[in-house]
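Here is the structure we will look at.
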Amino acid sequence: MVSSLHLAKAGFLSAKKYKIDWYGAFFTPLLTILPVVLLYYLGTKSGLVQFFYGATNTKNIFGYLLLGAAYWNYVEVLWGSVFTLKYYMRIGQLEEIFIMPISALGYIFSWSVLGLVRVTIESVPIIILAILLNVTTFTLIRFILAVGVVIFSIIASFGFVFLFFGVTLSFKEGDELVSLLGNAAPLIGGMFFPVSVLPKGLEYFAYVFPFTWGLDLSRHFLMNTNTLLDVKKELIVLMALSFLYLGLGVLSFKALQTKARREGMQGF
Amino acid sequence: MKKIFYLAVKDMKIRLKYKFVWINMALTPFFIIGPYVFSSRIVEVNSLAESVMIGALLWYWLNQYFFGVGDGFTEEREEGALISVILSPVSLLAFLLSKSVDTFLMNLYITFFTLIFFNLSGVKLEIHLLFFLLLIISGVYITFFSIFFAALSLWKKKIGSINSTTQFFFGILSGMVNPVEHFPHYIRFISYAIPLTYLISIGRNIMKNENGSNFISQLLILTALSFAYLIFGIWLLRKAENEIRRKGEWETW
């Protein structure tokens, strides 16, 4: 634990060197949803608002998108540890890092701490706006339930991180997989609109994705939106998928790490 | 020219070693552009989805040039290979142009698969020869536009997140989803200083089969603007290069 914290501190010290890189990150989540917001408000507004009301029980499209962006920020941040792993591969320091007495979980933890701090700073404007826009449906109990849902989503996210970590160690290209899934997830998981809008193939794919259920429940608790299933059933699906993905992730990581250590990890 | 070609071939050969990159490149643009195109489809107006898709596709080309050319020094710098580039008889501008050729080829690959995936999802876009020519022109002009960013990256070392943020600003202000005519006039003033605005507008005119004379004037403004950015970019690149030589910072980042 202490070694992991030292590694996290090293990450902070390196990041401090590049303050300019922080400024841009601050606006990224907001900018991702801005084109869709503009499309709704400057485009054919009435049709879209009607559609949203029918499909989700809310006319607060901006709040809907903001909550989606805040949720994704937290779920996805752990995946950034895979980019750190690839970064050490690229600069030729992976072997030095890996002979330290730190477990894989320790690496993921220490490389995620910086990301979590960063994402919290980035999410401040989004969260404040989301709460302000959803003030009529916001209660403390519902907020706690939403936080619980995010925690389960993060458990599922850990499952993905283990898989990505293993793939990167073994095939060196795990960052490409993270990039692909990180870009696909907001669309498939319903960050921008209900998954029913997606083409059928993608819609079915969305249902095996734990984050679709997590985001749907978070919005329900904070905005009183319609859910895909009955709330209790949906909570069971989310928990089952979260633990399933975590289990699969840990197993695949162990197998891939063993393979990577047997074949040698140097080079990329 | 030969040097640029060899460097571009080198980049392509390296990329051929990594299979996941090709899968990622084929699929990712669909997922990034998808939210904007599918959102516009909610209203069941196909012409809006097409219009957004043209805007988003051209924005994605800019996005790739900003990473490929604008952030063109980062990979070599992190791998400790930038100093070899500096020692070789290749100018920094030629090096960036080779990145541009590489990005252009990747963008063709990306566009091919993106159009297929959207077609399978029910959003069909017929590519005219003129639109294909526009993509080539966009490659050249957005390269010119990206050079100042490469100079900034050389100077400030790590500006990846600024790069991503800027791309979104440019996309939104260029009318990626909404024509710039819908913006207030003081925002339009900024929009018209971005080359992508003209590319998107010309692209939409081409798809509407409008008369070529409608966009000739836009093409002329775009050309003048892009060359102005090229001159500014080269000036900034030289300035950054001299600064780094003076401080001896080629190997630090």
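Starting from 1 in every chain, residues are counted up; chains themselves are A, B, ... following the order of the structure tokens, and ligands are numbered from 1 as listed.
Contact shell of Leu217 (chain A) at 10 Å (only C-alpha atoms; same-chain neighbours under 4 positions omitted): Leu145, Ala146, Val149, Val150, Phe211, Thr212, Trp213, Phe221, Leu222, Met223, Asn224, Thr225, Asn226, Thr227, Leu228, Leu229, Val231, Lys232, Glu234, Leu235 and Leu238 of chain A.
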The selected residues should be written to file as a CSV table (one decimal), in the first residue's frame (atoms: N, CA, C and O atoms).
```csv
chain,number,residue,atom,x,y,z
A,145,LEU,N,-28.4,6.5,-3.4
A,145,LEU,CA,-28.7,5.4,-4.2
A,145,LEU,C,-27.9,5.5,-5.5
A,145,LEU,O,-27.3,4.5,-6.0
A,146,ALA,N,-27.9,6.7,-6.1
A,146,ALA,CA,-27.1,6.9,-7.3
A,146,ALA,C,-25.6,6.7,-7.1
A,146,ALA,O,-24.9,6.1,-7.9
A,149,VAL,N,-25.0,3.1,-7.1
A,149,VAL,CA,-24.9,2.5,-8.5
A,149,VAL,C,-23.6,2.8,-9.1
A,149,VAL,O,-23.0,1.9,-9.8
A,150,VAL,N,-23.1,4.0,-8.9
A,150,VAL,CA,-21.8,4.4,-9.5
A,150,VAL,C,-20.7,3.5,-8.9
A,150,VAL,O,-19.8,3.0,-9.7
A,211,PHE,N,-22.5,-0.9,-17.9
A,211,PHE,CA,-22.6,0.6,-17.8
A,211,PHE,C,-24.0,1.1,-18.3
A,211,PHE,O,-24.4,2.2,-17.9
A,212,THR,N,-24.6,0.4,-19.2
A,212,THR,CA,-25.9,0.8,-19.7
A,212,THR,C,-26.9,0.8,-18.6
A,212,THR,O,-27.7,1.7,-18.4
A,213,TRP,N,-26.8,-0.3,-17.8
A,213,TRP,CA,-27.8,-0.4,-16.6
A,213,TRP,C,-27.4,0.6,-15.5
A,213,TRP,O,-28.3,1.2,-14.9
A,221,PHE,N,-32.5,7.6,-10.5
A,221,PHE,CA,-32.5,8.1,-9.1
A,221,PHE,C,-32.3,9.6,-9.1
A,221,PHE,O,-32.9,10.3,-8.2
A,222,LEU,N,-31.6,10.2,-10.0
A,222,LEU,CA,-31.4,11.7,-9.9
A,222,LEU,C,-32.4,12.5,-10.7
A,222,LEU,O,-32.6,13.7,-10.4
A,223,MET,N,-33.0,11.9,-11.8
A,223,MET,CA,-33.8,12.7,-12.6
A,223,MET,C,-35.2,12.1,-12.8
A,223,MET,O,-36.1,12.7,-13.5
A,224,ASN,N,-35.4,10.9,-12.1
A,224,ASN,CA,-36.7,10.3,-12.2
A,224,ASN,C,-37.1,9.9,-13.6
A,224,ASN,O,-38.3,10.0,-14.0
A,225,THR,N,-36.1,9.5,-14.4
A,225,THR,CA,-36.4,9.1,-15.8
A,225,THR,C,-36.9,7.6,-15.8
A,225,THR,O,-36.8,6.9,-14.8
A,226,ASN,N,-37.5,7.2,-16.9
A,226,ASN,CA,-38.0,5.9,-17.1
A,226,ASN,C,-36.8,4.9,-17.1
A,226,ASN,O,-35.7,5.3,-17.5
A,227,THR,N,-37.0,3.7,-16.6
A,227,THR,CA,-35.9,2.7,-16.6
A,227,THR,C,-36.2,1.6,-17.7
A,227,THR,O,-37.4,1.5,-18.1
A,228,LEU,N,-35.2,0.9,-18.1
A,228,LEU,CA,-35.3,-0.1,-19.1
A,228,LEU,C,-36.2,-1.3,-18.5
A,228,LEU,O,-37.0,-1.9,-19.2
A,229,LEU,N,-35.9,-1.7,-17.3
A,229,LEU,CA,-36.7,-2.7,-16.6
A,229,LEU,C,-37.2,-2.1,-15.3
A,229,LEU,O,-36.9,-1.0,-14.9
A,231,VAL,N,-37.0,-1.3,-11.5
A,231,VAL,CA,-35.8,-0.8,-10.8
A,231,VAL,C,-35.1,-2.0,-10.0
A,231,VAL,O,-33.9,-2.1,-10.1
A,232,LYS,N,-35.9,-2.8,-9.3
A,232,LYS,CA,-35.3,-3.9,-8.5
A,232,LYS,C,-34.5,-4.8,-9.4
A,232,LYS,O,-33.4,-5.3,-9.2
A,234,GLU,N,-33.4,-4.3,-12.4
A,234,GLU,CA,-32.3,-3.6,-13.0
A,234,GLU,C,-31.1,-3.6,-12.0
A,234,GLU,O,-30.0,-3.8,-12.5
A,235,LEU,N,-31.4,-3.4,-10.8
A,235,LEU,CA,-30.3,-3.4,-9.8
A,235,LEU,C,-29.6,-4.8,-9.7
A,235,LEU,O,-28.4,-4.9,-9.6
A,238,LEU,N,-27.5,-5.2,-12.8
A,238,LEU,CA,-26.2,-4.4,-12.6
A,238,LEU,C,-25.2,-5.1,-11.7
A,238,LEU,O,-24.0,-5.3,-12.0
```
**Request:** Once DSSP has gone over the backbone, tell me which residues of region 2-244 of chain B are in helix (DSSP H, G or I), as JSON, numbers by chain.
**Result:** {"B": [2, 3, 4, 5, 6, 7, 8, 9, 10, 11, 12, 13, 14, 15, 16, 19, 20, 21, 22, 23, 24, 25, 26, 27, 28, 29, 30, 31, 32, 33, 34, 35, 36, 37, 38, 39, 40, 41, 46, 47, 48, 49, 50, 51, 52, 53, 54, 55, 56, 57, 58, 59, 60, 61, 62, 63, 64, 65, 66, 67, 68, 74, 75, 76, 77, 78, 82, 83, 84, 85, 86, 87, 92, 93, 94, 95, 96, 97, 98, 99, 100, 101, 102, 103, 104, 105, 106, 107, 108, 109, 110, 111, 112, 113, 114, 115, 116, 117, 118, 119, 120, 129, 130, 131, 132, 133, 134, 135, 136, 137, 138, 139, 140, 141, 142, 143, 144, 145, 146, 147, 148, 149, 150, 151, 152, 153, 154, 155, 156, 160, 161, 162, 163, 164, 165, 166, 167, 168, 169, 170, 171, 172, 173, 180, 181, 182, 185, 186, 187, 188, 189, 190, 191, 195, 196, 197, 198, 199, 200, 201, 202, 203, 204, 205, 206, 207, 213, 214, 215, 216, 217, 218, 219, 220, 221, 222, 223, 224, 225, 226, 227, 228, 229, 230, 231, 232, 233, 234, 235, 236, 237, 238, 239, 240, 241, 242, 243, 244]}
**Prompt:** Excluding same-chain residues fewer than 5 positions from region 192-201 of chain B, what lies within 7 Å of it counting only C-alpha atoms, as a list in words?
**Reply:** Ile54, Gly55, Leu58, Ser138, Ser174, Gly175, Gln218, Leu222, Leu225 and Ser226 of chain B
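Going from CA of Lys259 (chain A) over to CA of Leu169 (chain A), you cover 8.7 Å.
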**Message:** Residues near region 243-255 of chain A, anyone? I mean within 12 Å using only C-alpha atoms, not counting same-chain ones fewer than 5 positions away, as a PyMOL selection string.
**Reply:** chain A and resi 103-105+151-170+174+208-211+236-238+260-262
**Item:** Residue hits in chain B, query chain A, radius 7 Å, only C-alpha atoms, as a VMD selection string
**Value:** chain B and resid 20 to 21 24 28 31 to 32 34 to 36 39 42 to 43 78 to 79 121 158 to 162 165 168 172 177 to 178 182
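Separating CA of Leu94 (chain A) from CA of Leu78 (chain A) is a distance of 19.0 Å.
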**Request:** For Phe112 (chain B), work out the shell of residues within 12 Å, counting only C-alpha atoms and skipping chain neighbours fewer than 6 positions away, then give it as a ChimeraX atom specification.
**Result:** /B:25-27,29-30,57,105-106,118-119,125-127,132
**Item:** Residues within 6 Å of Gly233 (chain B), only C-alpha atoms, excluding chain neighbours under 3 positions, as a list in words
**Value:** Ile147, Phe148, Tyr229, Leu230, Leu236 and Leu237 of chain B
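Taking CA of Ser51 (chain B) and CA of Ser191 (chain B) as the two end points, the separation is 17.5 Å.
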